[in-house]
file model.cif (mmCIF, N, CA and C atoms)
data_data
loop_
_atom_site.label_atom_id
_atom_site.label_comp_id
_atom_site.auth_asym_id
_atom_site.auth_seq_id
_atom_site.Cartn_x
_atom_site.Cartn_y
_atom_site.Cartn_z
N MET Q 3 132.35 22.40 -77.82
CA MET Q 3 132.96 22.30 -79.12
C MET Q 3 132.33 23.33 -80.06
N SER Q 4 133.16 23.96 -80.85
CA SER Q 4 132.70 25.02 -81.73
C SER Q 4 132.29 24.45 -83.08
N ASN Q 5 131.25 25.04 -83.64
CA ASN Q 5 130.79 24.64 -84.97
C ASN Q 5 131.26 25.58 -86.05
N THR Q 6 132.27 26.39 -85.76
CA THR Q 6 132.75 27.31 -86.78
C THR Q 6 133.45 26.55 -87.89
N TYR Q 7 133.16 26.98 -89.08
CA TYR Q 7 133.76 26.36 -90.26
C TYR Q 7 134.92 27.23 -90.73
N VAL Q 8 136.06 26.64 -90.87
CA VAL Q 8 137.24 27.36 -91.36
C VAL Q 8 137.38 27.04 -92.84
N ARG Q 9 137.34 28.12 -93.66
CA ARG Q 9 137.50 27.92 -95.09
C ARG Q 9 138.94 27.51 -95.37
N ARG Q 10 139.10 26.45 -96.10
CA ARG Q 10 140.43 26.03 -96.52
C ARG Q 10 140.66 26.55 -97.92
N PRO Q 11 141.85 27.11 -98.15
CA PRO Q 11 142.13 27.60 -99.50
C PRO Q 11 142.25 26.45 -100.48
N PRO Q 12 141.84 26.67 -101.72
CA PRO Q 12 142.04 25.65 -102.75
C PRO Q 12 143.53 25.30 -102.89
N VAL Q 13 143.82 24.10 -103.34
CA VAL Q 13 145.19 23.62 -103.44
C VAL Q 13 146.06 24.54 -104.30
N LEU Q 14 145.54 24.95 -105.45
CA LEU Q 14 146.34 25.80 -106.33
C LEU Q 14 146.63 27.15 -105.67
N LEU Q 15 145.69 27.67 -104.90
CA LEU Q 15 145.94 28.92 -104.19
C LEU Q 15 147.04 28.72 -103.15
N SER Q 16 147.03 27.59 -102.48
CA SER Q 16 148.10 27.30 -101.52
C SER Q 16 149.46 27.24 -102.21
N ILE Q 17 149.50 26.63 -103.37
CA ILE Q 17 150.76 26.55 -104.13
C ILE Q 17 151.20 27.95 -104.55
N ILE Q 18 150.26 28.76 -105.03
CA ILE Q 18 150.59 30.12 -105.45
C ILE Q 18 151.14 30.92 -104.27
N THR Q 19 150.49 30.81 -103.10
CA THR Q 19 150.96 31.58 -101.95
C THR Q 19 152.33 31.12 -101.49
N ILE Q 20 152.58 29.82 -101.54
CA ILE Q 20 153.91 29.31 -101.16
C ILE Q 20 154.96 29.85 -102.14
N LEU Q 21 154.65 29.83 -103.43
CA LEU Q 21 155.59 30.36 -104.42
C LEU Q 21 155.80 31.86 -104.25
N MET Q 22 154.73 32.59 -103.89
CA MET Q 22 154.87 34.03 -103.65
C MET Q 22 155.78 34.29 -102.45
N ILE Q 23 155.65 33.46 -101.41
CA ILE Q 23 156.51 33.62 -100.23
C ILE Q 23 157.96 33.33 -100.59
N ILE Q 24 158.19 32.26 -101.34
CA ILE Q 24 159.55 31.92 -101.77
C ILE Q 24 160.12 33.04 -102.63
N ALA Q 25 159.34 33.54 -103.60
CA ALA Q 25 159.80 34.62 -104.46
C ALA Q 25 160.09 35.87 -103.64
N GLY Q 26 159.25 36.14 -102.65
CA GLY Q 26 159.47 37.30 -101.79
C GLY Q 26 160.75 37.19 -101.00
N ILE Q 27 161.00 36.02 -100.45
CA ILE Q 27 162.23 35.80 -99.69
C ILE Q 27 163.45 35.94 -100.60
N LEU Q 28 163.36 35.38 -101.79
CA LEU Q 28 164.47 35.50 -102.75
C LEU Q 28 164.70 36.96 -103.15
N ALA Q 29 163.63 37.73 -103.32
CA ALA Q 29 163.77 39.16 -103.65
C ALA Q 29 164.44 39.91 -102.50
N ILE Q 30 164.08 39.58 -101.28
CA ILE Q 30 164.69 40.22 -100.12
C ILE Q 30 166.18 39.89 -100.05
N VAL Q 31 166.51 38.62 -100.21
CA VAL Q 31 167.92 38.20 -100.18
C VAL Q 31 168.68 38.84 -101.34
N GLY Q 32 168.07 38.86 -102.52
CA GLY Q 32 168.71 39.49 -103.68
C GLY Q 32 168.93 40.97 -103.45
N GLY Q 33 167.95 41.64 -102.88
CA GLY Q 33 168.08 43.07 -102.60
C GLY Q 33 169.21 43.35 -101.62
N ILE Q 34 169.31 42.50 -100.60
CA ILE Q 34 170.39 42.65 -99.63
C ILE Q 34 171.74 42.43 -100.31
N ALA Q 35 171.81 41.42 -101.18
CA ALA Q 35 173.06 41.13 -101.90
C ALA Q 35 173.46 42.29 -102.80
N VAL Q 36 172.48 42.86 -103.51
CA VAL Q 36 172.77 43.99 -104.40
C VAL Q 36 173.29 45.18 -103.60
N ILE Q 37 172.65 45.45 -102.47
CA ILE Q 37 173.12 46.56 -101.62
C ILE Q 37 174.54 46.28 -101.11
N ALA Q 38 174.79 45.03 -100.74
CA ALA Q 38 176.13 44.67 -100.24
C ALA Q 38 177.19 44.83 -101.32
N LEU Q 39 176.80 44.67 -102.59
CA LEU Q 39 177.76 44.76 -103.70
C LEU Q 39 177.83 46.14 -104.33
N ARG Q 40 177.10 47.10 -103.82
CA ARG Q 40 177.01 48.42 -104.46
C ARG Q 40 178.34 49.14 -104.57
N ASN Q 41 179.29 48.80 -103.74
CA ASN Q 41 180.60 49.45 -103.80
C ASN Q 41 181.69 48.56 -104.40
N ASN Q 42 181.30 47.40 -104.90
CA ASN Q 42 182.23 46.49 -105.55
C ASN Q 42 182.45 46.97 -106.98
N ASP Q 43 183.69 47.36 -107.29
CA ASP Q 43 183.99 47.95 -108.60
C ASP Q 43 183.62 47.05 -109.77
N ASP Q 44 183.91 45.75 -109.65
CA ASP Q 44 183.57 44.83 -110.74
C ASP Q 44 182.06 44.76 -110.96
N PHE Q 45 181.31 44.70 -109.87
CA PHE Q 45 179.85 44.64 -109.97
C PHE Q 45 179.29 45.92 -110.57
N VAL Q 46 179.76 47.06 -110.09
CA VAL Q 46 179.29 48.36 -110.60
C VAL Q 46 179.56 48.47 -112.09
N ARG Q 47 180.74 48.03 -112.51
CA ARG Q 47 181.10 48.07 -113.93
C ARG Q 47 180.20 47.13 -114.74
N GLU Q 48 179.93 45.95 -114.18
CA GLU Q 48 179.13 44.96 -114.91
C GLU Q 48 177.69 45.44 -115.12
N VAL Q 49 177.10 46.02 -114.10
CA VAL Q 49 175.71 46.47 -114.24
C VAL Q 49 175.60 47.86 -114.85
N ASN Q 50 176.72 48.56 -114.91
CA ASN Q 50 176.79 49.87 -115.55
C ASN Q 50 175.80 50.87 -114.94
N GLU Q 51 175.74 50.87 -113.62
CA GLU Q 51 174.89 51.82 -112.89
C GLU Q 51 175.70 52.44 -111.76
N SER Q 52 175.23 53.57 -111.26
CA SER Q 52 175.92 54.21 -110.14
C SER Q 52 175.61 53.45 -108.85
N SER Q 53 176.43 53.68 -107.85
CA SER Q 53 176.23 53.04 -106.54
C SER Q 53 174.86 53.42 -105.97
N GLY Q 54 174.46 54.68 -106.16
CA GLY Q 54 173.16 55.13 -105.68
C GLY Q 54 172.00 54.42 -106.35
N THR Q 55 172.12 54.24 -107.66
CA THR Q 55 171.08 53.53 -108.40
C THR Q 55 171.02 52.08 -107.96
N ILE Q 56 172.18 51.46 -107.77
CA ILE Q 56 172.23 50.07 -107.32
C ILE Q 56 171.58 49.94 -105.94
N THR Q 57 171.85 50.89 -105.06
CA THR Q 57 171.24 50.88 -103.73
C THR Q 57 169.72 50.99 -103.85
N SER Q 58 169.24 51.86 -104.71
CA SER Q 58 167.80 52.02 -104.91
C SER Q 58 167.16 50.74 -105.44
N ILE Q 59 167.85 50.08 -106.36
CA ILE Q 59 167.35 48.82 -106.90
C ILE Q 59 167.26 47.78 -105.78
N GLY Q 60 168.28 47.72 -104.95
CA GLY Q 60 168.28 46.77 -103.83
C GLY Q 60 167.15 47.04 -102.85
N ILE Q 61 166.95 48.31 -102.52
CA ILE Q 61 165.86 48.68 -101.61
C ILE Q 61 164.51 48.32 -102.24
N GLY Q 62 164.38 48.60 -103.54
CA GLY Q 62 163.15 48.25 -104.24
C GLY Q 62 162.88 46.75 -104.21
N ALA Q 63 163.93 45.95 -104.38
CA ALA Q 63 163.77 44.49 -104.34
C ALA Q 63 163.34 44.03 -102.95
N ILE Q 64 163.92 44.62 -101.92
CA ILE Q 64 163.55 44.26 -100.55
C ILE Q 64 162.08 44.62 -100.28
N ILE Q 65 161.68 45.82 -100.67
CA ILE Q 65 160.29 46.24 -100.47
C ILE Q 65 159.34 45.34 -101.26
N SER Q 66 159.68 45.04 -102.50
CA SER Q 66 158.87 44.16 -103.32
C SER Q 66 158.74 42.78 -102.69
N GLY Q 67 159.84 42.27 -102.16
CA GLY Q 67 159.82 40.97 -101.49
C GLY Q 67 158.92 40.96 -100.27
N LEU Q 68 159.01 42.02 -99.47
CA LEU Q 68 158.16 42.12 -98.28
C LEU Q 68 156.68 42.18 -98.67
N ILE Q 69 156.38 42.97 -99.70
CA ILE Q 69 155.00 43.07 -100.17
C ILE Q 69 154.50 41.70 -100.63
N SER Q 70 155.33 40.98 -101.35
CA SER Q 70 154.95 39.65 -101.84
C SER Q 70 154.62 38.70 -100.70
N VAL Q 71 155.44 38.70 -99.66
CA VAL Q 71 155.20 37.82 -98.51
C VAL Q 71 153.90 38.20 -97.79
N VAL Q 72 153.70 39.49 -97.55
CA VAL Q 72 152.50 39.96 -96.86
C VAL Q 72 151.25 39.64 -97.69
N LEU Q 73 151.31 39.89 -98.99
CA LEU Q 73 150.16 39.59 -99.85
C LEU Q 73 149.85 38.10 -99.88
N ALA Q 74 150.88 37.28 -99.92
CA ALA Q 74 150.67 35.83 -99.95
C ALA Q 74 149.94 35.37 -98.69
N MET Q 75 150.36 35.88 -97.54
CA MET Q 75 149.71 35.48 -96.29
C MET Q 75 148.26 35.98 -96.26
N ALA Q 76 148.02 37.17 -96.76
CA ALA Q 76 146.65 37.71 -96.78
C ALA Q 76 145.77 36.93 -97.77
N LEU Q 77 146.32 36.56 -98.91
CA LEU Q 77 145.58 35.75 -99.88
C LEU Q 77 145.16 34.43 -99.26
N ARG Q 78 146.07 33.82 -98.55
CA ARG Q 78 145.80 32.52 -97.93
C ARG Q 78 144.65 32.61 -96.93
N ARG Q 79 144.48 33.77 -96.32
CA ARG Q 79 143.38 33.98 -95.39
C ARG Q 79 142.08 34.36 -96.10
N GLY Q 80 142.15 34.59 -97.41
CA GLY Q 80 140.94 34.90 -98.17
C GLY Q 80 140.64 36.38 -98.31
N SER Q 81 141.63 37.23 -98.16
CA SER Q 81 141.43 38.67 -98.24
C SER Q 81 141.14 39.10 -99.68
N ARG Q 82 139.96 39.72 -99.87
CA ARG Q 82 139.61 40.24 -101.19
C ARG Q 82 140.45 41.46 -101.55
N VAL Q 83 140.84 42.23 -100.54
CA VAL Q 83 141.71 43.39 -100.78
C VAL Q 83 143.06 42.90 -101.30
N ALA Q 84 143.61 41.87 -100.67
CA ALA Q 84 144.89 41.32 -101.13
C ALA Q 84 144.74 40.78 -102.54
N ARG Q 85 143.62 40.17 -102.85
CA ARG Q 85 143.38 39.64 -104.19
C ARG Q 85 143.42 40.76 -105.22
N ALA Q 86 142.81 41.91 -104.91
CA ALA Q 86 142.82 43.06 -105.82
C ALA Q 86 144.22 43.64 -105.95
N ILE Q 87 144.95 43.71 -104.85
CA ILE Q 87 146.32 44.23 -104.89
C ILE Q 87 147.21 43.31 -105.70
N VAL Q 88 147.01 41.98 -105.56
CA VAL Q 88 147.80 41.03 -106.35
C VAL Q 88 147.51 41.22 -107.83
N LEU Q 89 146.28 41.51 -108.19
CA LEU Q 89 145.96 41.79 -109.60
C LEU Q 89 146.80 42.96 -110.10
N ILE Q 90 146.82 44.05 -109.35
CA ILE Q 90 147.61 45.23 -109.73
C ILE Q 90 149.09 44.87 -109.79
N TYR Q 91 149.56 44.15 -108.78
CA TYR Q 91 150.96 43.73 -108.68
C TYR Q 91 151.37 42.89 -109.90
N GLU Q 92 150.52 41.96 -110.29
CA GLU Q 92 150.83 41.09 -111.44
C GLU Q 92 150.76 41.85 -112.75
N VAL Q 93 149.85 42.79 -112.88
CA VAL Q 93 149.81 43.63 -114.08
C VAL Q 93 151.11 44.43 -114.18
N LEU Q 94 151.59 44.94 -113.05
CA LEU Q 94 152.87 45.66 -113.04
C LEU Q 94 154.03 44.73 -113.42
N HIS Q 95 153.97 43.47 -112.97
CA HIS Q 95 154.99 42.49 -113.39
C HIS Q 95 154.98 42.33 -114.91
N ILE Q 96 153.79 42.23 -115.48
CA ILE Q 96 153.68 42.08 -116.93
C ILE Q 96 154.26 43.30 -117.64
N ILE Q 97 153.92 44.49 -117.17
CA ILE Q 97 154.44 45.71 -117.78
C ILE Q 97 155.97 45.75 -117.66
N GLY Q 98 156.48 45.43 -116.49
CA GLY Q 98 157.94 45.41 -116.28
C GLY Q 98 158.63 44.42 -117.18
N ALA Q 99 158.03 43.26 -117.37
CA ALA Q 99 158.62 42.25 -118.25
C ALA Q 99 158.61 42.70 -119.70
N ILE Q 100 157.54 43.36 -120.11
CA ILE Q 100 157.47 43.87 -121.49
C ILE Q 100 158.54 44.95 -121.69
N VAL Q 101 158.70 45.83 -120.70
CA VAL Q 101 159.75 46.86 -120.78
C VAL Q 101 161.12 46.18 -120.88
N ALA Q 102 161.34 45.14 -120.08
CA ALA Q 102 162.63 44.43 -120.13
C ALA Q 102 162.86 43.81 -121.51
N ILE Q 103 161.81 43.25 -122.10
CA ILE Q 103 161.94 42.67 -123.44
C ILE Q 103 162.34 43.74 -124.45
N ILE Q 104 161.73 44.90 -124.33
CA ILE Q 104 161.99 45.99 -125.28
C ILE Q 104 163.39 46.59 -125.07
N ARG Q 105 163.75 46.82 -123.80
CA ARG Q 105 164.99 47.56 -123.50
C ARG Q 105 166.23 46.70 -123.42
N LEU Q 106 166.11 45.45 -123.01
CA LEU Q 106 167.29 44.62 -122.79
C LEU Q 106 167.48 43.67 -123.96
N ASP Q 107 168.61 43.76 -124.56
CA ASP Q 107 168.88 42.95 -125.74
C ASP Q 107 169.74 41.75 -125.36
N HIS Q 108 169.12 40.79 -124.69
CA HIS Q 108 169.86 39.59 -124.30
C HIS Q 108 168.87 38.45 -124.14
N SER Q 109 169.19 37.29 -124.67
CA SER Q 109 168.25 36.17 -124.66
C SER Q 109 167.91 35.71 -123.25
N THR Q 110 168.81 35.85 -122.29
CA THR Q 110 168.53 35.45 -120.92
C THR Q 110 167.39 36.30 -120.36
N TYR Q 111 167.47 37.60 -120.57
CA TYR Q 111 166.41 38.48 -120.09
C TYR Q 111 165.10 38.21 -120.82
N LEU Q 112 165.19 37.90 -122.10
CA LEU Q 112 163.99 37.60 -122.88
C LEU Q 112 163.27 36.39 -122.30
N SER Q 113 164.00 35.32 -122.05
CA SER Q 113 163.40 34.10 -121.50
C SER Q 113 162.78 34.37 -120.13
N ALA Q 114 163.51 35.05 -119.26
CA ALA Q 114 163.01 35.36 -117.92
C ALA Q 114 161.77 36.23 -118.00
N SER Q 115 161.76 37.18 -118.92
CA SER Q 115 160.62 38.08 -119.07
C SER Q 115 159.39 37.32 -119.56
N ILE Q 116 159.58 36.43 -120.49
CA ILE Q 116 158.45 35.64 -121.01
C ILE Q 116 157.88 34.75 -119.90
N VAL Q 117 158.75 34.12 -119.13
CA VAL Q 117 158.30 33.29 -118.01
C VAL Q 117 157.55 34.14 -116.99
N SER Q 118 158.06 35.33 -116.71
CA SER Q 118 157.41 36.25 -115.77
C SER Q 118 156.01 36.62 -116.25
N ILE Q 119 155.87 36.91 -117.53
CA ILE Q 119 154.57 37.24 -118.10
C ILE Q 119 153.61 36.05 -117.98
N LEU Q 120 154.09 34.88 -118.33
CA LEU Q 120 153.24 33.68 -118.26
C LEU Q 120 152.77 33.40 -116.83
N LEU Q 121 153.68 33.50 -115.88
CA LEU Q 121 153.31 33.26 -114.48
C LEU Q 121 152.29 34.30 -113.99
N ALA Q 122 152.50 35.55 -114.35
CA ALA Q 122 151.56 36.59 -113.94
C ALA Q 122 150.17 36.34 -114.53
N VAL Q 123 150.13 35.95 -115.80
CA VAL Q 123 148.84 35.66 -116.45
C VAL Q 123 148.16 34.47 -115.78
N ILE Q 124 148.92 33.44 -115.43
CA ILE Q 124 148.35 32.27 -114.75
C ILE Q 124 147.78 32.66 -113.39
N ILE Q 125 148.51 33.47 -112.64
CA ILE Q 125 148.04 33.89 -111.32
C ILE Q 125 146.76 34.72 -111.46
N ILE Q 126 146.74 35.66 -112.39
CA ILE Q 126 145.53 36.48 -112.60
C ILE Q 126 144.37 35.59 -113.02
N TRP Q 127 144.61 34.70 -113.96
CA TRP Q 127 143.55 33.79 -114.41
C TRP Q 127 143.02 32.98 -113.24
N TYR Q 128 143.91 32.42 -112.44
CA TYR Q 128 143.45 31.58 -111.34
C TYR Q 128 142.64 32.39 -110.32
N LEU Q 129 143.14 33.56 -109.92
CA LEU Q 129 142.47 34.34 -108.89
C LEU Q 129 141.12 34.90 -109.34
N TYR Q 130 140.97 35.13 -110.65
CA TYR Q 130 139.74 35.75 -111.13
C TYR Q 130 138.95 34.88 -112.10
N GLY Q 131 139.55 33.85 -112.65
CA GLY Q 131 138.89 33.09 -113.69
C GLY Q 131 138.44 31.69 -113.31
N THR Q 132 138.63 31.30 -112.05
CA THR Q 132 138.21 29.96 -111.65
C THR Q 132 137.13 30.02 -110.59
N ARG Q 133 136.25 29.08 -110.64
CA ARG Q 133 135.13 29.04 -109.69
C ARG Q 133 135.62 28.84 -108.26
N GLY Q 134 136.62 27.96 -108.08
CA GLY Q 134 137.13 27.69 -106.74
C GLY Q 134 137.68 28.93 -106.06
N ALA Q 135 138.41 29.73 -106.80
CA ALA Q 135 138.96 30.95 -106.24
C ALA Q 135 137.86 31.96 -105.95
N ARG Q 136 136.92 32.09 -106.87
CA ARG Q 136 135.81 33.03 -106.65
C ARG Q 136 135.01 32.65 -105.40
N GLU Q 137 134.77 31.36 -105.22
CA GLU Q 137 134.04 30.89 -104.04
C GLU Q 137 134.84 31.15 -102.77
N PHE Q 138 136.14 30.87 -102.81
CA PHE Q 138 136.99 31.07 -101.63
C PHE Q 138 137.01 32.52 -101.21
N PHE Q 139 137.10 33.42 -102.18
CA PHE Q 139 137.16 34.85 -101.87
C PHE Q 139 135.77 35.48 -101.73
N GLY Q 140 134.74 34.68 -101.91
CA GLY Q 140 133.38 35.20 -101.75
C GLY Q 140 132.99 36.18 -102.81
N ALA Q 141 133.53 36.01 -104.00
CA ALA Q 141 133.24 36.94 -105.09
C ALA Q 141 132.17 36.38 -106.02
#

call {"tool": "encode", "arguments": {"input": "model.cif", "output": "C-alpha cells"}}
result
Amino acid sequence: MSNTYVRRPPVLLSIITILMIIAGILAIVGGIAVIALRNNDDFVREVNESSGTITSIGIGAIISGLISVVLAMALRRGSRVARAIVLIYEVLHIIGAIVAIIRLDHSTYLSASIVSILLAVIIIWYLYGTRGAREFFGA
C-alpha cells in the first residue's frame, strides 16, 4: 500500500474549475454556431460585420473555450503556471468587459460586462487572496 498523499483541491477551486469547463464548452459551441451562421444574411446584417470578421470571432471563441478547459484541468491539478495564466486571462476578461461597456451602448451588454468583471475579480481574489488556494498551489 502506498503512503502517497494526493492533494485535494479546495471546494471553491473545484467549483471554479467546473464553471471554467462549462464556460469553455459554451464558448466552443458558440464559436461553432457563429461560424455556421457567417453566411446567413440576417445574421450578418444583425451583427453588422463581414463574413470574414464573423469567422474570426468564431475561431477566437473556439480557441478561448479550449484554453479555458485546459486551464481548468491544470488548475485542478495544482499547476502554478496555470494559476498565473488564469490571472492574465481574467485580467484580459476585465479589460474586454470594460471595452464592451465603453463601446457598446446597450443595457444587455452592460449587465453582462459587469457580471464578467465581478466574476473575474472573484476568481483572481480566490486564486491569490485566500489561504486555502495559496496552500494548495504551494505559494

call {"tool": "resolve_selection", "arguments": {"input": "model.cif", "expression": "the PyMOL selection byres ((chain Q and resi 64) around 7)", "output": "ChimeraX atom specification"}}
result
/Q:29-34,59-63,65-69

call {"tool": "resolve_selection", "arguments": {"input": "model.cif", "expression": "the PyMOL selection byres (((chain Q and resi 122 and name CA) around 8) and name CA)", "output": "ChimeraX atom specification"}}
result
/Q:92-93,95-96,118-121,123-126

call {"tool": "atom_distance", "arguments": {"input": "model.cif", "atom1": "atom C of Ile87 in chain Q", "atom2": "atom C of Ile37 in chain Q"}}
result
27.9 Å

call {"tool": "atom_distance", "arguments": {"input": "model.cif", "atom1": "atom C of Gly80 in chain Q", "atom2": "atom C of Ile20 in chain Q"}}
result
16.2 Å

call {"tool": "resolve_selection", "arguments": {"input": "model.cif", "expression": "the PyMOL selection byres (((chain Q and resi 73 and name CA) around 9) and name CA)", "output": "MDAnalysis selection string"}}
result
chainID Q and resid 19 22:23 68:72 74:78 81 84:85 87:88

call {"tool": "write_last_selection", "arguments": {"input": "model.cif", "atoms": "N, CA and C atoms", "output": "PDB file, in the coordinates of the input"}}
result
ATOM      1  N   THR Q  19     150.490  30.810-103.100  1.00  0.00           N
ATOM      2  CA  THR Q  19     150.960  31.580-101.950  1.00  0.00           C
ATOM      3  C   THR Q  19     152.330  31.120-101.490  1.00  0.00           C
ATOM      4  N   MET Q  22     154.730  32.590-103.890  1.00  0.00           N
ATOM      5  CA  MET Q  22     154.870  34.030-103.650  1.00  0.00           C
ATOM      6  C   MET Q  22     155.780  34.290-102.450  1.00  0.00           C
ATOM      7  N   ILE Q  23     155.650  33.460-101.410  1.00  0.00           N
ATOM      8  CA  ILE Q  23     156.510  33.620-100.230  1.00  0.00           C
ATOM      9  C   ILE Q  23     157.960  33.330-100.590  1.00  0.00           C
ATOM     10  N   LEU Q  68     159.010  42.020 -99.470  1.00  0.00           N
ATOM     11  CA  LEU Q  68     158.160  42.120 -98.280  1.00  0.00           C
ATOM     12  C   LEU Q  68     156.680  42.180 -98.670  1.00  0.00           C
ATOM     13  N   ILE Q  69     156.380  42.970 -99.700  1.00  0.00           N
ATOM     14  CA  ILE Q  69     155.000  43.070-100.170  1.00  0.00           C
ATOM     15  C   ILE Q  69     154.500  41.700-100.630  1.00  0.00           C
ATOM     16  N   SER Q  70     155.330  40.980-101.350  1.00  0.00           N
ATOM     17  CA  SER Q  70     154.950  39.650-101.840  1.00  0.00           C
ATOM     18  C   SER Q  70     154.620  38.700-100.700  1.00  0.00           C
ATOM     19  N   VAL Q  71     155.440  38.700 -99.660  1.00  0.00           N
ATOM     20  CA  VAL Q  71     155.200  37.820 -98.510  1.00  0.00           C
ATOM     21  C   VAL Q  71     153.900  38.200 -97.790  1.00  0.00           C
ATOM     22  N   VAL Q  72     153.700  39.490 -97.550  1.00  0.00           N
ATOM     23  CA  VAL Q  72     152.500  39.960 -96.860  1.00  0.00           C
ATOM     24  C   VAL Q  72     151.250  39.640 -97.690  1.00  0.00           C
ATOM     25  N   ALA Q  74     150.880  37.280 -99.920  1.00  0.00           N
ATOM     26  CA  ALA Q  74     150.670  35.830 -99.950  1.00  0.00           C
ATOM     27  C   ALA Q  74     149.940  35.370 -98.690  1.00  0.00           C
ATOM     28  N   MET Q  75     150.360  35.880 -97.540  1.00  0.00           N
ATOM     29  CA  MET Q  75     149.710  35.480 -96.290  1.00  0.00           C
ATOM     30  C   MET Q  75     148.260  35.980 -96.260  1.00  0.00           C
ATOM     31  N   ALA Q  76     148.020  37.170 -96.760  1.00  0.00           N
ATOM     32  CA  ALA Q  76     146.650  37.710 -96.780  1.00  0.00           C
ATOM     33  C   ALA Q  76     145.770  36.930 -97.770  1.00  0.00           C
ATOM     34  N   LEU Q  77     146.320  36.560 -98.910  1.00  0.00           N
ATOM     35  CA  LEU Q  77     145.580  35.750 -99.880  1.00  0.00           C
ATOM     36  C   LEU Q  77     145.160  34.430 -99.260  1.00  0.00           C
ATOM     37  N   ARG Q  78     146.070  33.820 -98.550  1.00  0.00           N
ATOM     38  CA  ARG Q  78     145.800  32.520 -97.930  1.00  0.00           C
ATOM     39  C   ARG Q  78     144.650  32.610 -96.930  1.00  0.00           C
ATOM     40  N   SER Q  81     141.630  37.230 -98.160  1.00  0.00           N
ATOM     41  CA  SER Q  81     141.430  38.670 -98.240  1.00  0.00           C
ATOM     42  C   SER Q  81     141.140  39.100 -99.680  1.00  0.00           C
ATOM     43  N   ALA Q  84     143.610  41.870-100.670  1.00  0.00           N
ATOM     44  CA  ALA Q  84     144.890  41.320-101.130  1.00  0.00           C
ATOM     45  C   ALA Q  84     144.740  40.780-102.540  1.00  0.00           C
ATOM     46  N   ARG Q  85     143.620  40.170-102.850  1.00  0.00           N
ATOM     47  CA  ARG Q  85     143.380  39.640-104.190  1.00  0.00           C
ATOM     48  C   ARG Q  85     143.420  40.760-105.220  1.00  0.00           C
ATOM     49  N   ILE Q  87     144.950  43.710-104.850  1.00  0.00           N
ATOM     50  CA  ILE Q  87     146.320  44.230-104.890  1.00  0.00           C
ATOM     51  C   ILE Q  87     147.210  43.310-105.700  1.00  0.00           C
ATOM     52  N   VAL Q  88     147.010  41.980-105.560  1.00  0.00           N
ATOM     53  CA  VAL Q  88     147.800  41.030-106.350  1.00  0.00           C
ATOM     54  C   VAL Q  88     147.510  41.220-107.830  1.00  0.00           C
TER      55      VAL Q  88
END

call {"tool": "atom_distance", "arguments": {"input": "model.cif", "atom1": "atom C of Arg40 in chain Q", "atom2": "atom N of Ser58 in chain Q"}}
result
9.5 Å

call {"tool": "select_by_dssp", "arguments": {"input": "model.cif", "residues": "chain Q", "states": "alpha helix (DSSP H)", "output": "PyMOL selection string"}}
result
chain Q and resi 13-38+43-49+53-78+82-105+109-131+133-138
